[in-house]
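Coordinates as given in work-v9.cif (mmCIF, C-alpha atoms):
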data_input
#
loop_
_atom_site.label_atom_id
_atom_site.label_comp_id
_atom_site.auth_asym_id
_atom_site.auth_seq_id
_atom_site.Cartn_x
_atom_site.Cartn_y
_atom_site.Cartn_z
CA MET F 1459 129.41 96.99 30.78
CA SER F 1460 132.42 99.29 30.79
CA LYS F 1461 132.85 101.51 27.74
CA VAL F 1462 136.59 101.95 28.30
CA PRO F 1463 138.77 100.43 25.57
CA SER F 1464 141.74 98.29 26.49
CA ILE F 1465 145.30 98.23 25.27
CA THR F 1466 147.22 94.98 24.94
CA LEU F 1467 150.38 94.85 27.02
CA ASN F 1468 153.56 93.26 25.69
CA ASN F 1469 152.70 89.91 27.27
CA GLY F 1470 149.19 89.81 25.79
CA VAL F 1471 147.32 90.97 28.91
CA ALA F 1472 144.53 93.48 28.28
CA MET F 1473 144.62 96.68 30.39
CA PRO F 1474 141.88 99.33 30.38
CA GLN F 1475 143.22 102.55 28.91
CA LEU F 1476 141.50 104.66 31.56
CA GLY F 1477 141.50 103.70 35.21
CA TYR F 1478 140.84 105.11 38.65
CA GLY F 1479 143.74 106.21 40.85
CA VAL F 1480 143.47 106.36 44.64
CA TRP F 1481 146.59 108.34 45.57
CA GLN F 1482 145.81 110.52 48.63
CA VAL F 1483 142.43 108.83 49.17
CA PRO F 1484 142.23 107.94 52.90
CA ASP F 1485 141.71 104.27 53.66
CA ASP F 1486 138.35 104.92 55.31
CA GLU F 1487 137.12 106.72 52.16
CA ALA F 1488 138.64 104.33 49.62
CA ALA F 1489 135.86 101.74 49.69
CA ALA F 1490 133.18 104.30 48.85
CA ALA F 1491 135.33 106.05 46.23
CA VAL F 1492 136.32 102.82 44.46
CA GLY F 1493 132.74 101.61 44.68
CA ALA F 1494 131.56 104.81 42.95
CA ALA F 1495 134.22 104.36 40.28
CA LEU F 1496 133.20 100.76 39.59
CA GLU F 1497 129.57 101.83 39.40
CA ALA F 1498 130.52 104.55 36.90
CA GLY F 1499 132.16 101.98 34.63
CA TYR F 1500 135.83 102.01 35.64
CA ARG F 1501 137.40 98.57 35.48
CA SER F 1502 140.99 99.45 36.44
CA ILE F 1503 141.98 100.47 39.97
CA ASP F 1504 145.47 101.78 40.76
CA THR F 1505 146.74 101.71 44.35
CA ALA F 1506 150.09 101.24 46.13
CA ALA F 1507 151.35 99.98 49.46
CA VAL F 1508 152.53 103.45 50.46
CA TYR F 1509 149.08 104.98 49.83
CA GLY F 1510 147.85 103.17 52.94
CA ASN F 1511 144.49 102.38 51.36
CA GLU F 1512 144.84 98.85 50.01
CA GLU F 1513 142.42 97.56 52.67
CA GLY F 1514 139.79 100.11 51.65
CA VAL F 1515 140.27 99.21 48.01
CA GLY F 1516 139.91 95.54 48.93
CA LYS F 1517 136.61 96.21 50.69
CA ALA F 1518 135.22 97.78 47.54
CA LEU F 1519 136.41 94.86 45.43
CA ALA F 1520 134.79 92.41 47.85
CA ALA F 1521 131.49 94.31 47.85
CA THR F 1522 131.10 94.95 44.13
CA GLY F 1523 128.99 92.82 41.87
CA VAL F 1524 131.58 93.15 39.10
CA PRO F 1525 133.40 89.83 38.60
CA ARG F 1526 137.04 89.80 39.67
CA ASP F 1527 138.25 88.84 36.20
CA GLU F 1528 136.70 92.03 34.81
CA ILE F 1529 138.67 94.31 37.16
CA PHE F 1530 142.32 95.21 36.56
CA VAL F 1531 144.07 95.86 39.88
CA THR F 1532 147.48 97.54 40.15
CA THR F 1533 149.60 97.95 43.26
CA LYS F 1534 153.23 98.84 43.87
CA VAL F 1535 156.21 97.94 46.03
CA TRP F 1536 157.52 100.86 48.09
CA ASN F 1537 161.15 101.97 48.24
CA SER F 1538 161.85 100.64 51.74
CA ASP F 1539 160.68 97.17 50.63
CA GLN F 1540 163.00 96.91 47.65
CA GLY F 1541 165.34 93.92 47.36
CA HIS F 1542 164.51 90.33 46.40
CA ASP F 1543 163.21 88.83 49.63
CA ALA F 1544 161.69 92.06 50.95
CA THR F 1545 159.73 92.48 47.71
CA LEU F 1546 158.23 89.00 48.03
CA ARG F 1547 157.16 89.79 51.61
CA ALA F 1548 155.75 93.16 50.56
CA PHE F 1549 153.76 91.54 47.77
CA ASP F 1550 152.25 89.01 50.19
CA ALA F 1551 151.27 91.84 52.53
CA SER F 1552 149.65 93.80 49.70
CA LEU F 1553 147.63 90.77 48.60
CA ASP F 1554 146.48 90.23 52.18
CA ARG F 1555 145.36 93.85 52.54
CA LEU F 1556 143.58 93.74 49.17
CA GLY F 1557 141.98 90.40 49.97
CA LEU F 1558 142.99 89.05 46.57
CA GLU F 1559 144.64 85.91 45.23
CA TYR F 1560 146.43 87.84 42.50
CA VAL F 1561 146.89 91.33 41.12
CA ASP F 1562 146.90 92.24 37.46
CA LEU F 1563 149.93 94.54 37.55
CA TYR F 1564 152.72 94.91 40.11
CA LEU F 1565 155.04 97.89 39.81
CA ILE F 1566 158.26 99.20 41.35
CA HIS F 1567 157.17 102.58 42.71
CA TRP F 1568 160.47 104.50 42.27
CA PRO F 1569 163.90 103.49 40.99
CA VAL F 1570 165.87 104.94 43.97
CA ALA F 1571 168.83 103.89 41.85
CA TRP F 1572 171.58 104.74 44.38
CA ARG F 1573 170.31 101.92 46.59
CA ASN F 1574 171.17 99.51 43.76
CA THR F 1575 168.18 97.31 44.58
CA PHE F 1576 165.75 97.74 41.71
CA VAL F 1577 167.22 94.91 39.62
CA ASP F 1578 166.91 92.42 42.52
CA THR F 1579 163.42 93.78 43.19
CA TYR F 1580 162.44 93.22 39.58
CA ARG F 1581 163.85 89.68 39.59
CA ALA F 1582 161.57 88.88 42.51
CA MET F 1583 158.69 90.31 40.49
CA GLU F 1584 159.64 88.05 37.58
CA GLU F 1585 159.15 85.11 39.97
CA LEU F 1586 155.74 86.45 40.99
CA LEU F 1587 154.82 86.75 37.32
CA ALA F 1588 155.92 83.18 36.61
CA SER F 1589 153.80 81.94 39.52
CA GLY F 1590 150.68 83.69 38.19
CA ARG F 1591 150.22 85.80 41.30
CA THR F 1592 150.54 88.89 39.14
CA LYS F 1593 149.51 88.96 35.49
CA ALA F 1594 152.04 91.63 34.46
CA ILE F 1595 154.98 93.52 35.98
CA GLY F 1596 156.42 96.94 35.38
CA VAL F 1597 157.82 100.10 36.90
CA CYS F 1598 156.99 103.66 37.82
CA ASN F 1599 159.06 106.81 37.43
CA PHE F 1600 161.90 105.06 35.60
CA GLN F 1601 164.09 107.19 33.36
CA THR F 1602 165.68 105.85 30.19
CA ALA F 1603 168.93 104.84 31.96
CA HIS F 1604 167.00 102.86 34.57
CA LEU F 1605 165.01 101.07 31.88
CA GLU F 1606 168.14 100.29 29.88
CA ARG F 1607 169.68 98.62 32.92
CA LEU F 1608 166.57 96.50 33.50
CA LEU F 1609 166.50 95.46 29.85
CA ALA F 1610 170.16 94.44 30.05
CA GLU F 1611 170.04 92.57 33.36
CA THR F 1612 166.59 90.94 33.54
CA SER F 1613 164.49 88.68 31.33
CA VAL F 1614 161.04 90.31 31.17
CA VAL F 1615 160.54 93.64 29.43
CA PRO F 1616 158.43 95.86 31.74
CA ALA F 1617 154.82 95.92 30.59
CA VAL F 1618 154.26 99.46 31.87
CA ASN F 1619 156.17 102.52 33.02
CA GLN F 1620 153.90 104.78 35.05
CA ILE F 1621 155.28 108.34 34.97
CA GLU F 1622 154.24 111.90 35.65
CA LEU F 1623 152.78 113.03 32.34
CA HIS F 1624 150.49 115.91 31.36
CA PRO F 1625 150.56 118.65 28.70
CA ASN F 1626 153.13 120.65 30.71
CA LEU F 1627 155.38 117.55 30.92
CA ALA F 1628 154.73 115.55 27.77
CA GLN F 1629 157.76 113.22 28.14
CA ALA F 1630 158.12 112.76 24.37
CA GLU F 1631 161.60 111.18 24.49
CA LEU F 1632 160.65 108.69 27.19
CA ARG F 1633 157.41 107.81 25.39
CA ALA F 1634 159.41 107.17 22.23
CA PHE F 1635 161.75 104.83 24.16
CA HIS F 1636 158.70 103.00 25.51
CA ALA F 1637 157.28 102.62 22.02
CA ARG F 1638 160.53 101.16 20.68
CA HIS F 1639 160.59 98.53 23.41
CA GLY F 1640 156.89 97.67 23.69
CA ILE F 1641 156.43 99.34 27.09
CA ALA F 1642 153.04 100.95 27.72
CA THR F 1643 153.11 104.56 28.95
CA GLU F 1644 150.82 105.22 31.93
CA ALA F 1645 150.32 108.79 33.12
CA TRP F 1646 150.02 109.74 36.77
CA SER F 1647 148.77 113.24 37.53
CA PRO F 1648 147.34 113.28 33.99
CA LEU F 1649 145.44 116.49 34.78
CA GLY F 1650 148.45 118.25 36.24
CA GLN F 1651 147.39 118.01 39.92
CA GLY F 1652 145.45 121.21 40.00
CA LYS F 1653 143.67 124.12 38.47
CA ALA F 1654 146.49 125.85 36.59
CA LEU F 1655 146.51 123.48 33.60
CA LEU F 1656 142.74 123.18 33.49
CA ALA F 1657 142.44 127.00 33.53
CA ASP F 1658 144.97 127.42 30.73
CA PRO F 1659 143.40 129.51 27.93
CA VAL F 1660 144.39 126.94 25.29
CA VAL F 1661 142.67 124.12 27.15
CA ALA F 1662 139.69 126.32 28.01
CA GLU F 1663 139.21 127.34 24.36
CA VAL F 1664 139.21 123.77 23.09
CA ALA F 1665 136.82 122.70 25.85
CA ALA F 1666 134.40 125.55 25.16
CA ARG F 1667 134.42 124.87 21.41
CA LEU F 1668 133.74 121.16 21.89
CA GLY F 1669 131.23 121.57 24.70
CA ARG F 1670 133.42 119.55 27.05
CA THR F 1671 135.15 120.27 30.35
CA PRO F 1672 138.87 121.12 30.46
CA ALA F 1673 139.54 117.85 32.30
CA GLN F 1674 137.80 115.86 29.57
CA VAL F 1675 139.87 117.60 26.90
CA VAL F 1676 143.17 116.81 28.67
CA LEU F 1677 142.19 113.19 29.27
CA ARG F 1678 141.19 112.88 25.61
CA TRP F 1679 144.64 114.25 24.62
CA HIS F 1680 146.26 111.46 26.63
CA LEU F 1681 144.08 108.76 25.13
CA GLN F 1682 144.75 109.88 21.57
CA LEU F 1683 148.49 109.83 22.29
CA GLY F 1684 148.06 106.20 23.35
CA ASN F 1685 148.71 106.82 27.04
CA VAL F 1686 147.00 104.90 29.83
CA VAL F 1687 145.52 107.39 32.33
CA ILE F 1688 144.45 107.11 35.98
CA PRO F 1689 142.66 110.32 37.01
CA LYS F 1690 141.76 110.57 40.68
CA SER F 1691 138.77 112.23 42.30
CA VAL F 1692 136.61 111.39 45.29
CA THR F 1693 133.70 113.49 43.96
CA PRO F 1694 131.12 111.21 42.28
CA SER F 1695 130.25 113.79 39.61
CA ARG F 1696 133.93 114.19 38.66
CA ILE F 1697 134.45 110.43 38.73
CA ARG F 1698 131.67 110.17 36.13
CA GLU F 1699 132.96 113.18 34.15
CA ASN F 1700 136.47 111.72 33.88
CA ILE F 1701 135.24 108.51 32.25
CA ASP F 1702 132.95 110.31 29.81
CA VAL F 1703 135.71 110.91 27.26
CA PHE F 1704 134.92 108.39 24.53
CA GLY F 1705 132.22 110.26 22.62
CA PHE F 1706 134.43 112.86 20.97
CA GLU F 1707 137.85 113.35 19.42
CA LEU F 1708 140.38 116.16 19.34
CA ALA F 1709 141.37 117.44 15.91
CA GLU F 1710 145.04 117.43 14.96
CA LYS F 1711 145.22 121.19 15.55
CA ASP F 1712 143.90 120.69 19.08
CA MET F 1713 146.42 117.93 19.77
CA ASP F 1714 149.17 120.24 18.52
CA ALA F 1715 147.92 123.14 20.64
CA LEU F 1716 148.03 121.04 23.79
CA ALA F 1717 151.44 119.64 22.85
CA ALA F 1718 152.72 123.20 22.64
CA LEU F 1719 152.02 123.61 26.37
CA ASP F 1720 154.99 121.35 27.18
CA THR F 1721 157.42 123.28 29.39
CA GLY F 1722 159.12 120.27 30.94
CA THR F 1723 157.77 121.34 34.32
CA ARG F 1724 157.46 118.64 36.97
CA LEU F 1725 154.89 118.85 39.73
CA GLY F 1726 156.20 115.77 41.52
CA PRO F 1727 159.72 114.66 42.44
CA ASP F 1728 162.55 114.18 39.97
CA PRO F 1729 163.09 110.39 39.71
CA ASP F 1730 166.86 110.92 39.62
CA GLU F 1731 166.77 112.74 42.98
CA PHE F 1732 163.79 111.34 44.92
CA ASP F 1733 164.94 109.88 48.24
CA LEU F 1734 162.38 108.43 50.63
#
Please rewrite the model in this file as structure tokens.
Amino acid sequence: MSKVPSITLNNGVAMPQLGYGVWQVPDDEAAAAVGAALEAGYRSIDTAAVYGNEEGVGKALAATGVPRDEIFVTTKVWNSDQGHDATLRAFDASLDRLGLEYVDLYLIHWPVAWRNTFVDTYRAMEELLASGRTKAIGVCNFQTAHLERLLAETSVVPAVNQIELHPNLAQAELRAFHARHGIATEAWSPLGQGKALLADPVVAEVAARLGRTPAQVVLRWHLQLGNVVIPKSVTPSRIRENIDVFGFELAEKDMDALAALDTGTRLGPDPDEFDL
């Protein structure tokens, strides 16, 4: 039984608050990695067409003894597949690679707003939602202006916006916009993609005092903010460490100390400029 709590999305669907991300996991390693995550208690798996590992993820889902309705599967439409008809084709291809009849969450990977296709893409996703082939729809890397356009021109409020978010990029204004509109905030690169954040003296001090690892402290910070998180590791011990974050809490002073690390520094692309 998974010990991860769920949040309720704006359409009533339950989503585990901590999941397993497979960005940069090679397809031939994905089955073993996802299998280890499921064994450790993860019940949410986040992939994307562009990751090139949906088939490996699908193999793990086919092999596990965990019932399908207990696993929350997310995938995403890539930029080159945006547009109404192309999105429907891309979704079919993702389902085929995953070996599934439905996914739990389908996301637009990037707004690439200058292409002027994300509204048509989202309308196709609304059709997929209505058909039951995805249980929820949302976006990734959308800024406030992108979200405002979707809210004005489409019918379904995004269930999720998956964004780069960690103590060095806390995204307070965007999180507040999400909260006002019932959009769940999901953090990619929740640990800051590397050792710098985890070696920060503030994080290290809190971890030492609580007898936890720096990664556990940062993940706990996310959870207490209400974020959904999808840490990624292919190391079984780290996979287990990253889910072992429900037996302690950060004090308000610790939350404030981590919040003070916000420098607005991105590690990934700027959504207003990303062009691929």
Exercise. Between atom CA of F:Asp1712 and atom CA of F:Glu1663, measure the distance and give it in Å to one decimal.
Key: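 About the pair atom CA of F:Asp1712 and atom CA of F:Glu1663: they are 9.7 Å apart.
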Take the PyMOL selection byres ((chain F and resi 1561) around 10), run it mentally on this structure, and tell me the resulting residues as a compact mmCIF listing (two decimals) with C-alpha atoms, in the frame of the given file.
# COMPACT_ATOMS: atom_id res chain seq x y z
CA ILE F 1529 138.67 94.31 37.16
CA PHE F 1530 142.32 95.21 36.56
CA VAL F 1531 144.07 95.86 39.88
CA THR F 1532 147.48 97.54 40.15
CA THR F 1533 149.60 97.95 43.26
CA PHE F 1549 153.76 91.54 47.77
CA SER F 1552 149.65 93.80 49.70
CA LEU F 1553 147.63 90.77 48.60
CA LEU F 1556 143.58 93.74 49.17
CA LEU F 1558 142.99 89.05 46.57
CA GLU F 1559 144.64 85.91 45.23
CA TYR F 1560 146.43 87.84 42.50
CA ASP F 1562 146.90 92.24 37.46
CA LEU F 1563 149.93 94.54 37.55
CA TYR F 1564 152.72 94.91 40.11
CA LEU F 1587 154.82 86.75 37.32
CA GLY F 1590 150.68 83.69 38.19
CA ARG F 1591 150.22 85.80 41.30
CA THR F 1592 150.54 88.89 39.14
CA LYS F 1593 149.51 88.96 35.49
CA ALA F 1594 152.04 91.63 34.46
CA ILE F 1595 154.98 93.52 35.98
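Relative to atom CA of F:Glu1487, atom CA of F:Gly1516 is found at 12.0 Å.
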Self-check item: Spatial neighbours of F:Val1660, 12 Å, only C-alpha atoms, chain gap at least 5 places, as number ranges by chain
Solution: F: 1625, 1654-1655, 1665-1667, 1672, 1675-1676, 1711-1719
Self-check item: Given the PyMOL selection byres ((chain F and resi 1491) around 9), the residues it picks as a PyMOL selection string
Solution: chain F and resi 1480+1483+1487-1490+1492-1496+1515+1518+1691-1694+1697
Practice problem: Point out the residue among F:Asp1720, F:Asp1543, F:Glu1513, F:Glu1699 with the least atom-to-atom distance to F:Gln1674, counting only C-alpha atoms. | Solution: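 Counting only C-alpha atoms, the residue closest to F:Gln1674 is F:Glu1699.
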Self-check item: Proximity to F:Gln1620 - best of F:Gln1482, F:Asn1599, F:Ser1502, F:Thr1545, all atoms listed in the file
Solution: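 Nearest to F:Gln1620: F:Asn1599.
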Quiz prompt | Residue IDs satisfying the PyMOL selection byres ((chain F and resi 1725) around 8), as a PyMOL selection string | solution = chain F and resi 1650-1651+1723-1724+1726-1727
Quiz item: From the set F:Thr1505, F:Asn1468, F:Thr1522, F:Thr1602, which residue has the shortest atom-to-atom contact distance to F:Ala1642, counting only C-alpha atoms?
Solution: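 Of F:Thr1505, F:Asn1468, F:Thr1522, F:Thr1602, the one nearest F:Ala1642, counting only C-alpha atoms, is F:Asn1468.
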Quiz item: Leaving out F:His1639 and any residue of its chain fewer than 5 positions from it, which residues lie within 12 Å of it when counting only C-alpha atoms, given as a list of chain:residue names?
Solution: F:Leu1467, F:Asn1468, F:Thr1602, F:Leu1605, F:Glu1606, F:Leu1608, F:Leu1609, F:Val1614, F:Val1615, F:Pro1616, F:Ala1617, F:Val1618, F:Asn1619, F:Leu1632, F:Arg1633, F:Ala1634
Hey, could you patch up stretch 1493-1520 of chain F with N, CA and C atoms and hand it over as a compact mmCIF listing (two decimals), in the frame of the given file?
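Output contents, as saved in out-v9.txt:
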# COMPACT_ATOMS: atom_id res chain seq x y z
N GLY F 1493 134.08 102.10 45.01
CA GLY F 1493 132.74 101.61 44.68
C GLY F 1493 132.04 102.52 43.68
N ALA F 1494 132.17 103.84 43.89
CA ALA F 1494 131.56 104.81 42.95
C ALA F 1494 132.21 104.70 41.58
N ALA F 1495 133.53 104.49 41.56
CA ALA F 1495 134.22 104.36 40.28
C ALA F 1495 133.76 103.11 39.53
N LEU F 1496 133.66 101.99 40.23
CA LEU F 1496 133.20 100.76 39.59
C LEU F 1496 131.78 100.92 39.07
N GLU F 1497 130.95 101.60 39.83
CA GLU F 1497 129.57 101.83 39.40
C GLU F 1497 129.52 102.71 38.15
N ALA F 1498 130.48 103.65 38.05
CA ALA F 1498 130.52 104.55 36.90
C ALA F 1498 131.08 103.89 35.65
N GLY F 1499 131.66 102.70 35.79
CA GLY F 1499 132.16 101.98 34.63
C GLY F 1499 133.65 101.76 34.60
N TYR F 1500 134.39 102.27 35.58
CA TYR F 1500 135.83 102.01 35.64
C TYR F 1500 136.05 100.52 35.92
N ARG F 1501 137.07 99.96 35.24
CA ARG F 1501 137.40 98.57 35.48
C ARG F 1501 138.89 98.40 35.78
N SER F 1502 139.58 99.50 36.06
CA SER F 1502 140.99 99.45 36.44
C SER F 1502 141.17 100.33 37.67
N ILE F 1503 141.76 99.76 38.72
CA ILE F 1503 141.98 100.47 39.97
C ILE F 1503 143.47 100.47 40.28
N ASP F 1504 144.04 101.64 40.52
CA ASP F 1504 145.47 101.78 40.76
C ASP F 1504 145.71 102.23 42.20
N THR F 1505 146.38 101.36 42.98
CA THR F 1505 146.74 101.71 44.35
C THR F 1505 148.23 101.42 44.55
N ALA F 1506 148.69 101.50 45.79
CA ALA F 1506 150.09 101.24 46.13
C ALA F 1506 150.17 101.01 47.62
N ALA F 1507 151.18 100.24 48.03
CA ALA F 1507 151.35 99.98 49.46
C ALA F 1507 151.48 101.27 50.24
N VAL F 1508 152.25 102.22 49.71
CA VAL F 1508 152.53 103.45 50.46
C VAL F 1508 151.30 104.36 50.56
N TYR F 1509 150.29 104.14 49.74
CA TYR F 1509 149.08 104.98 49.83
C TYR F 1509 148.31 104.69 51.11
N GLY F 1510 148.54 103.50 51.69
CA GLY F 1510 147.85 103.17 52.94
C GLY F 1510 146.37 102.91 52.77
N ASN F 1511 145.93 102.59 51.56
CA ASN F 1511 144.49 102.38 51.36
C ASN F 1511 144.17 101.06 50.65
N GLU F 1512 145.12 100.13 50.66
CA GLU F 1512 144.84 98.85 50.01
C GLU F 1512 143.67 98.12 50.68
N GLU F 1513 143.53 98.23 52.00
CA GLU F 1513 142.42 97.56 52.67
C GLU F 1513 141.09 98.14 52.23
N GLY F 1514 141.02 99.47 52.12
CA GLY F 1514 139.79 100.11 51.65
C GLY F 1514 139.45 99.72 50.22
N VAL F 1515 140.48 99.66 49.38
CA VAL F 1515 140.27 99.21 48.01
C VAL F 1515 139.74 97.77 48.02
N GLY F 1516 140.35 96.93 48.85
CA GLY F 1516 139.91 95.54 48.93
C GLY F 1516 138.46 95.40 49.37
N LYS F 1517 138.02 96.26 50.26
CA LYS F 1517 136.61 96.21 50.69
C LYS F 1517 135.68 96.50 49.53
N ALA F 1518 136.05 97.48 48.70
CA ALA F 1518 135.22 97.78 47.54
C ALA F 1518 135.20 96.63 46.56
N LEU F 1519 136.35 95.98 46.36
CA LEU F 1519 136.41 94.86 45.43
C LEU F 1519 135.58 93.68 45.95
N ALA F 1520 135.57 93.50 47.27
CA ALA F 1520 134.79 92.41 47.85
C ALA F 1520 133.29 92.67 47.76
